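Below is structure-v2.json, which holds JSON, C-alpha atoms.
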```
[["chain", "number", "residue", "atom", "x", "y", "z"],
["D", 1, "MET", "CA", 20.68, 62.95, 47.49],
["D", 2, "LYS", "CA", 17.45, 61.97, 49.20],
["D", 3, "ALA", "CA", 17.24, 61.78, 52.98],
["D", 4, "LEU", "CA", 17.03, 58.42, 54.64],
["D", 5, "SER", "CA", 13.56, 57.38, 55.80],
["D", 6, "ILE", "CA", 13.47, 55.99, 59.34],
["D", 7, "ALA", "CA", 10.50, 54.20, 60.91],
["D", 8, "ILE", "CA", 9.85, 54.42, 64.65],
["D", 9, "ILE", "CA", 8.02, 51.14, 65.27],
["D", 10, "ILE", "CA", 5.69, 50.69, 68.24],
["D", 11, "GLY", "CA", 6.32, 47.09, 69.26],
["D", 12, "SER", "CA", 3.45, 46.55, 71.71],
["D", 13, "THR", "CA", -0.22, 46.07, 70.84],
["D", 14, "ARG", "CA", -1.47, 45.57, 74.40],
["D", 15, "PRO", "CA", -4.47, 47.67, 75.55],
["D", 16, "GLY", "CA", -3.19, 50.40, 77.87],
["D", 17, "ARG", "CA", 0.36, 49.97, 76.55],
["D", 18, "ASN", "CA", 3.07, 52.43, 77.52],
["D", 19, "GLY", "CA", 4.77, 52.06, 74.15],
["D", 20, "GLU", "CA", 2.62, 54.61, 72.36],
["D", 21, "ALA", "CA", 3.63, 57.44, 74.72],
["D", 22, "VAL", "CA", 7.29, 56.40, 74.50],
["D", 23, "ALA", "CA", 7.20, 56.23, 70.69],
["D", 24, "LYS", "CA", 5.55, 59.65, 70.42],
["D", 25, "TRP", "CA", 8.27, 61.12, 72.64],
["D", 26, "VAL", "CA", 10.94, 59.55, 70.42],
["D", 27, "TYR", "CA", 9.17, 60.92, 67.35],
["D", 28, "GLU", "CA", 9.01, 64.43, 68.84],
["D", 29, "ILE", "CA", 12.77, 64.34, 69.36],
["D", 30, "ALA", "CA", 13.23, 63.05, 65.81],
["D", 31, "GLN", "CA", 11.17, 65.92, 64.40],
["D", 32, "ARG", "CA", 13.81, 68.37, 65.60],
["D", 33, "ARG", "CA", 16.41, 66.71, 63.36],
["D", 34, "THR", "CA", 17.05, 67.53, 59.70],
["D", 35, "ASP", "CA", 19.28, 64.60, 58.69],
["D", 36, "ALA", "CA", 16.50, 62.09, 57.97],
["D", 37, "GLU", "CA", 12.75, 61.73, 57.57],
["D", 38, "PHE", "CA", 10.85, 59.95, 60.34],
["D", 39, "GLU", "CA", 7.49, 58.21, 60.59],
["D", 40, "LEU", "CA", 5.64, 56.48, 63.41],
["D", 41, "VAL", "CA", 4.59, 52.94, 62.50],
["D", 42, "ASP", "CA", 2.19, 51.11, 64.81],
["D", 43, "ILE", "CA", 2.05, 47.33, 64.44],
["D", 44, "LYS", "CA", -1.45, 47.48, 65.91],
["D", 45, "ASP", "CA", -2.74, 49.32, 62.81],
["D", 46, "PHE", "CA", -1.99, 46.33, 60.56],
["D", 47, "ASP", "CA", -4.11, 43.73, 62.40],
["D", 48, "LEU", "CA", -1.57, 40.99, 61.77],
["D", 49, "PRO", "CA", -2.78, 37.54, 62.87],
["D", 50, "LEU", "CA", -0.35, 34.88, 64.01],
["D", 51, "LEU", "CA", 1.85, 34.15, 61.01],
["D", 52, "ASP", "CA", -0.48, 32.64, 58.41],
["D", 53, "GLU", "CA", 1.50, 32.79, 55.17],
["D", 54, "PRO", "CA", 1.71, 29.38, 53.42],
["D", 55, "MET", "CA", 5.19, 30.08, 52.02],
["D", 56, "PRO", "CA", 8.28, 31.00, 54.06],
["D", 57, "PRO", "CA", 8.84, 34.78, 54.04],
["D", 58, "ILE", "CA", 12.30, 34.33, 52.51],
["D", 59, "MET", "CA", 10.53, 33.31, 49.28],
["D", 60, "GLY", "CA", 8.80, 36.69, 49.04],
["D", 61, "GLN", "CA", 5.59, 35.10, 47.77],
["D", 62, "TYR", "CA", 3.11, 36.83, 50.06],
["D", 63, "ALA", "CA", -0.49, 35.71, 49.64],
["D", 64, "LYS", "CA", -2.42, 37.58, 52.34],
["D", 65, "PRO", "CA", -3.57, 41.21, 51.98],
["D", 66, "HIS", "CA", -2.38, 42.06, 55.51],
["D", 67, "THR", "CA", 1.09, 40.75, 54.70],
["D", 68, "LYS", "CA", 1.28, 42.72, 51.47],
["D", 69, "ALA", "CA", 0.25, 45.91, 53.29],
["D", 70, "TRP", "CA", 2.82, 45.31, 56.05],
["D", 71, "ALA", "CA", 5.53, 44.49, 53.48],
["D", 72, "ALA", "CA", 4.82, 47.66, 51.50],
["D", 73, "LYS", "CA", 5.07, 49.82, 54.61],
["D", 74, "ILE", "CA", 8.24, 48.23, 56.01],
["D", 75, "GLY", "CA", 9.90, 48.05, 52.60],
["D", 76, "SER", "CA", 9.52, 51.82, 52.17],
["D", 77, "PHE", "CA", 12.04, 52.60, 54.93],
["D", 78, "ASP", "CA", 15.83, 52.70, 55.04],
["D", 79, "GLY", "CA", 16.18, 52.06, 58.77],
["D", 80, "TYR", "CA", 14.22, 51.50, 61.97],
["D", 81, "VAL", "CA", 14.07, 52.36, 65.64],
["D", 82, "PHE", "CA", 12.11, 49.74, 67.56],
["D", 83, "VAL", "CA", 10.25, 50.83, 70.69],
["D", 84, "THR", "CA", 9.73, 47.72, 72.76],
["D", 85, "PRO", "CA", 8.77, 46.70, 76.28],
["D", 86, "GLU", "CA", 10.27, 43.68, 77.99],
["D", 87, "TYR", "CA", 7.86, 40.85, 78.71],
["D", 88, "ASN", "CA", 9.24, 37.91, 80.72],
["D", 89, "HIS", "CA", 12.86, 38.65, 79.75],
["D", 90, "GLY", "CA", 11.89, 38.89, 76.08],
["D", 91, "ILE", "CA", 10.16, 40.85, 73.34],
["D", 92, "PRO", "CA", 6.37, 41.02, 72.89],
["D", 93, "GLY", "CA", 4.88, 38.22, 70.82],
["D", 94, "ALA", "CA", 3.26, 40.79, 68.52],
["D", 95, "LEU", "CA", 6.65, 42.29, 67.64],
["D", 96, "LYS", "CA", 8.29, 38.92, 67.01],
["D", 97, "ASN", "CA", 5.33, 37.91, 64.86],
["D", 98, "ALA", "CA", 5.52, 41.16, 62.87],
["D", 99, "VAL", "CA", 9.21, 40.61, 62.17],
["D", 100, "ASP", "CA", 8.61, 36.99, 61.17],
["D", 101, "PHE", "CA", 6.05, 37.92, 58.51],
["D", 102, "LEU", "CA", 8.73, 39.45, 56.27],
["D", 103, "PHE", "CA", 12.28, 38.87, 55.11],
["D", 104, "ARG", "CA", 13.57, 40.85, 52.12],
["D", 105, "GLU", "CA", 11.95, 44.07, 53.38],
["D", 106, "TRP", "CA", 14.20, 43.97, 56.47],
["D", 107, "ASN", "CA", 17.42, 43.04, 54.65],
["D", 108, "ASP", "CA", 20.48, 45.29, 54.59],
["D", 109, "LYS", "CA", 19.05, 47.99, 56.84],
["D", 110, "ALA", "CA", 20.07, 49.49, 60.18],
["D", 111, "ALA", "CA", 18.12, 49.28, 63.42],
["D", 112, "GLY", "CA", 18.24, 50.92, 66.83],
["D", 113, "PHE", "CA", 16.28, 50.40, 70.03],
["D", 114, "VAL", "CA", 14.32, 52.26, 72.69],
["D", 115, "SER", "CA", 13.20, 49.86, 75.40],
["D", 116, "TYR", "CA", 11.42, 50.02, 78.72],
["D", 117, "GLY", "CA", 10.85, 47.65, 81.64],
["D", 118, "GLY", "CA", 11.95, 46.79, 85.14],
["D", 119, "ALA", "CA", 15.52, 46.40, 83.89],
["D", 120, "GLY", "CA", 15.16, 49.07, 81.23],
["D", 121, "GLY", "CA", 14.09, 46.49, 78.66],
["D", 122, "ALA", "CA", 17.73, 45.47, 78.16],
["D", 123, "ARG", "CA", 16.98, 41.75, 77.92],
["D", 124, "ALA", "CA", 14.28, 42.33, 75.31],
["D", 125, "VAL", "CA", 16.77, 44.25, 73.17],
["D", 126, "GLU", "CA", 19.38, 41.50, 73.47],
["D", 127, "GLN", "CA", 16.81, 39.01, 72.21],
["D", 128, "LEU", "CA", 15.65, 41.33, 69.44],
["D", 129, "ARG", "CA", 19.23, 41.78, 68.21],
["D", 130, "LEU", "CA", 19.46, 38.02, 67.60],
["D", 131, "VAL", "CA", 16.15, 37.96, 65.74],
["D", 132, "LEU", "CA", 17.07, 40.91, 63.51],
["D", 133, "ALA", "CA", 20.47, 39.43, 62.69],
["D", 134, "GLU", "CA", 18.66, 36.49, 61.11],
["D", 135, "VAL", "CA", 16.76, 38.83, 58.76],
["D", 136, "GLN", "CA", 20.07, 40.46, 57.83],
["D", 137, "MET", "CA", 19.78, 43.73, 59.69],
["D", 138, "ALA", "CA", 22.65, 45.73, 61.19],
["D", 139, "THR", "CA", 21.87, 46.78, 64.77],
["D", 140, "VAL", "CA", 23.66, 49.72, 66.35],
["D", 141, "ARG", "CA", 25.40, 49.76, 69.72],
["D", 142, "ASN", "CA", 23.69, 52.81, 71.22],
["D", 143, "GLN", "CA", 20.29, 52.21, 72.75],
["D", 144, "VAL", "CA", 17.84, 53.91, 75.11],
["D", 145, "LEU", "CA", 16.91, 52.11, 78.33],
["D", 146, "LEU", "CA", 13.87, 53.44, 80.21],
["D", 147, "SER", "CA", 13.08, 52.23, 83.72],
["D", 148, "MET", "CA", 9.56, 51.54, 84.87],
["D", 149, "PHE", "CA", 10.70, 52.70, 88.34],
["D", 150, "THR", "CA", 12.18, 56.09, 87.45],
["D", 151, "ASP", "CA", 10.75, 57.07, 84.05],
["D", 152, "PHE", "CA", 7.10, 56.20, 84.68],
["D", 153, "GLU", "CA", 4.83, 57.55, 87.39],
["D", 154, "ASN", "CA", 2.90, 54.70, 89.03],
["D", 155, "PHE", "CA", 4.34, 52.43, 86.28],
["D", 156, "SER", "CA", 1.93, 53.95, 83.76],
["D", 157, "VAL", "CA", 2.44, 57.69, 83.17],
["D", 158, "PHE", "CA", 5.54, 58.28, 81.06],
["D", 159, "LYS", "CA", 7.79, 60.99, 82.52],
["D", 160, "PRO", "CA", 11.29, 60.39, 81.16],
["D", 161, "ASP", "CA", 14.35, 61.83, 82.81],
["D", 162, "ALA", "CA", 15.79, 64.65, 80.71],
["D", 163, "HIS", "CA", 19.12, 62.90, 80.15],
["D", 164, "HIS", "CA", 17.45, 60.25, 77.96],
["D", 165, "GLU", "CA", 17.02, 62.73, 75.09],
["D", 166, "LYS", "CA", 20.79, 62.64, 74.56],
["D", 167, "SER", "CA", 20.61, 58.84, 74.29],
["D", 168, "VAL", "CA", 17.78, 59.03, 71.76],
["D", 169, "ASN", "CA", 19.80, 61.35, 69.55],
["D", 170, "ALA", "CA", 22.91, 59.20, 69.92],
["D", 171, "THR", "CA", 20.87, 56.22, 68.75],
["D", 172, "PHE", "CA", 19.51, 58.17, 65.79],
["D", 173, "ASP", "CA", 23.05, 59.30, 64.95],
["D", 174, "GLN", "CA", 24.20, 55.69, 64.64],
["D", 175, "VAL", "CA", 21.11, 54.42, 62.82],
["D", 176, "ILE", "CA", 21.43, 57.17, 60.22],
["D", 177, "ALA", "CA", 25.21, 56.72, 59.84],
["D", 178, "TRP", "CA", 24.87, 52.96, 59.50],
["D", 179, "GLY", "CA", 21.84, 53.40, 57.27],
["D", 180, "TRP", "CA", 24.00, 55.15, 54.69],
["D", 181, "ARG", "CA", 26.79, 52.59, 55.02],
["D", 182, "VAL", "CA", 24.53, 49.57, 54.73],
["D", 183, "GLU", "CA", 22.60, 51.08, 51.83],
["D", 184, "GLY", "CA", 25.84, 51.74, 49.99],
["D", 185, "ALA", "CA", 27.28, 48.29, 50.67],
["D", 186, "ALA", "CA", 24.07, 46.55, 49.59],
["D", 187, "GLY", "CA", 24.49, 47.96, 46.10],
["D", 188, "GLU", "CA", 28.06, 46.75, 45.66],
["D", 189, "LEU", "CA", 29.37, 43.33, 44.72],
["D", 190, "ILE", "CA", 32.35, 42.58, 46.92],
["D", 191, "ILE", "CA", 34.80, 40.11, 45.43],
["D", 192, "GLU", "CA", 37.42, 38.65, 47.74],
["D", 193, "PRO", "CA", 40.97, 38.52, 46.42],
["D", 194, "GLU", "CA", 42.16, 35.16, 45.18],
["D", 195, "LYS", "CA", 43.61, 33.08, 47.97],
["D", 196, "LYS", "CA", 46.84, 31.23, 47.29],
["D", 197, "LEU", "CA", 47.98, 28.17, 49.16],
["D", 198, "ILE", "CA", 51.48, 28.20, 50.59],
["D", 199, "THR", "CA", 53.16, 24.83, 50.10]]
```
Go ahead and render the structure in this file as structure tokens.
Amino acid sequence: MKALSIAIIIGSTRPGRNGEAVAKWVYEIAQRRTDAEFELVDIKDFDLPLLDEPMPPIMGQYAKPHTKAWAAKIGSFDGYVFVTPEYNHGIPGALKNAVDFLFREWNDKAAGFVSYGGAGGARAVEQLRLVLAEVQMATVRNQVLLSMFTDFENFSVFKPDAHHEKSVNATFDQVIAWGWRVEGAAGELIIEPEKKLIT
């Protein structure tokens, strides 16, 4: 049985972003695990413009080379951990745009979250859960909340408290467990039993 492949997605493209350091820390923790394969995926590397596909993503008829490259990368994974900041009580526009480009590639997969911000990025994650539900993803309960006040020096140098590593592994535990469950369920046709009316 092959190992699940999990992407750690850097959700910010801003110059001077903190997300790259956070994602690399998450990846280093992941590298000490043997229950899945992990890869860093940086939205910035794909140079996605504002959504410019003529057909809705649900149709799967991608016309642009950048969309096809993004679809091929995202479609190669079994689950995801999104690393996202919180901007104005929400997720970065670049991350929302990257999600919106695709549909089928996200379907029937598990997702977890590592967020950072003044309130730990909690509000960004709540918003992202709603977005991912619409592309048919299963999001896990565990998440990692990093505070700009206690986990960053001068709001810019990432120095996470040691206890967060336990939260990262707990999030991976659930993403991997749900990844297997969702993958298995996606391949089965579930038929509900016949319902009988009581008269």
Handout entry: Best match for closeness to Gly19 of chain D among D:Thr34, D:Ser115, D:Thr67, D:Asn88, counting only C-alpha atoms
Key =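 Under the stated criterion, the closest residue is D:Ser115.
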Exercise for the section: To one decimal in Å, tell me the separation between atom CA of Pro57 of chain D and atom CA of Ala7 of chain D. Expected result: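 Separation between atom CA of Pro57 of chain D and atom CA of Ala7 of chain D: 20.7 Å.
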Problem - Residue nearest Ala177 of chain D among D:Phe158, D:Leu130, D:Ile6, D:Val114 (counting all atoms listed in the file) - result: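 Once distances to Ala177 of chain D are computed over all atoms listed in the file, the minimum belongs to D:Ile6.
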Fill in the blank from the handout: A straight line from atom CA of Glu37 of chain D to atom CA of Ile176 of chain D spans 10.2 Å
Excluding Ile29 of chain D and its own-chain neighbours fewer than 4 positions away, which residues fall within 9 Å of it when counting all atoms listed in the file? Please give them as a compact mmCIF listing (two decimals) with C-alpha atoms, keeping the file's coordinate frame.
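Saved result, result-v6.txt, follows:
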```
# COMPACT_ATOMS: atom_id res chain seq x y z
CA LYS D 24 5.55 59.65 70.42
CA TRP D 25 8.27 61.12 72.64
CA ARG D 33 16.41 66.71 63.36
CA GLU D 165 17.02 62.73 75.09
CA VAL D 168 17.78 59.03 71.76
CA ASN D 169 19.80 61.35 69.55
```
Practice task
Give me the residues within 10 Å of Tyr87 of chain D as a PyMOL selection string, counting only C-alpha atoms and dropping any in the same chain fewer than 3 places off.
Solution key: chain D and resi 84+90-93+116-118+121+123-124
Exercise for the section: Take atom CA of Leu50 of chain D and atom CA of Leu102 of chain D and report the distance between them in Å, one decimal. Expected result: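 Atom CA of Leu102 of chain D lies at a distance of 12.8 Å from atom CA of Leu50 of chain D.
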Handout entry: Among listed residues D:Val99, D:Thr150, D:Tyr80, D:Val157, nearest Ala138 of chain D (using only C-alpha atoms)
Key = D:Tyr80
Exercise for the section: Might you pull out every residue within 9 Å of Asp42 of chain D, with only C-alpha atoms counted and same-chain residues fewer than 4 positions away left off, and present them as an NGL selection string? Expected result: :D and (8-13 or 20 or 46)
Practice task
Find the residue from D:Met55, D:Ala71, D:Ala110, D:Ala98 that sits nearest to Leu4 of chain D; use only C-alpha atoms when measuring.
Solution key: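 Nearest to Leu4 of chain D: D:Ala110.
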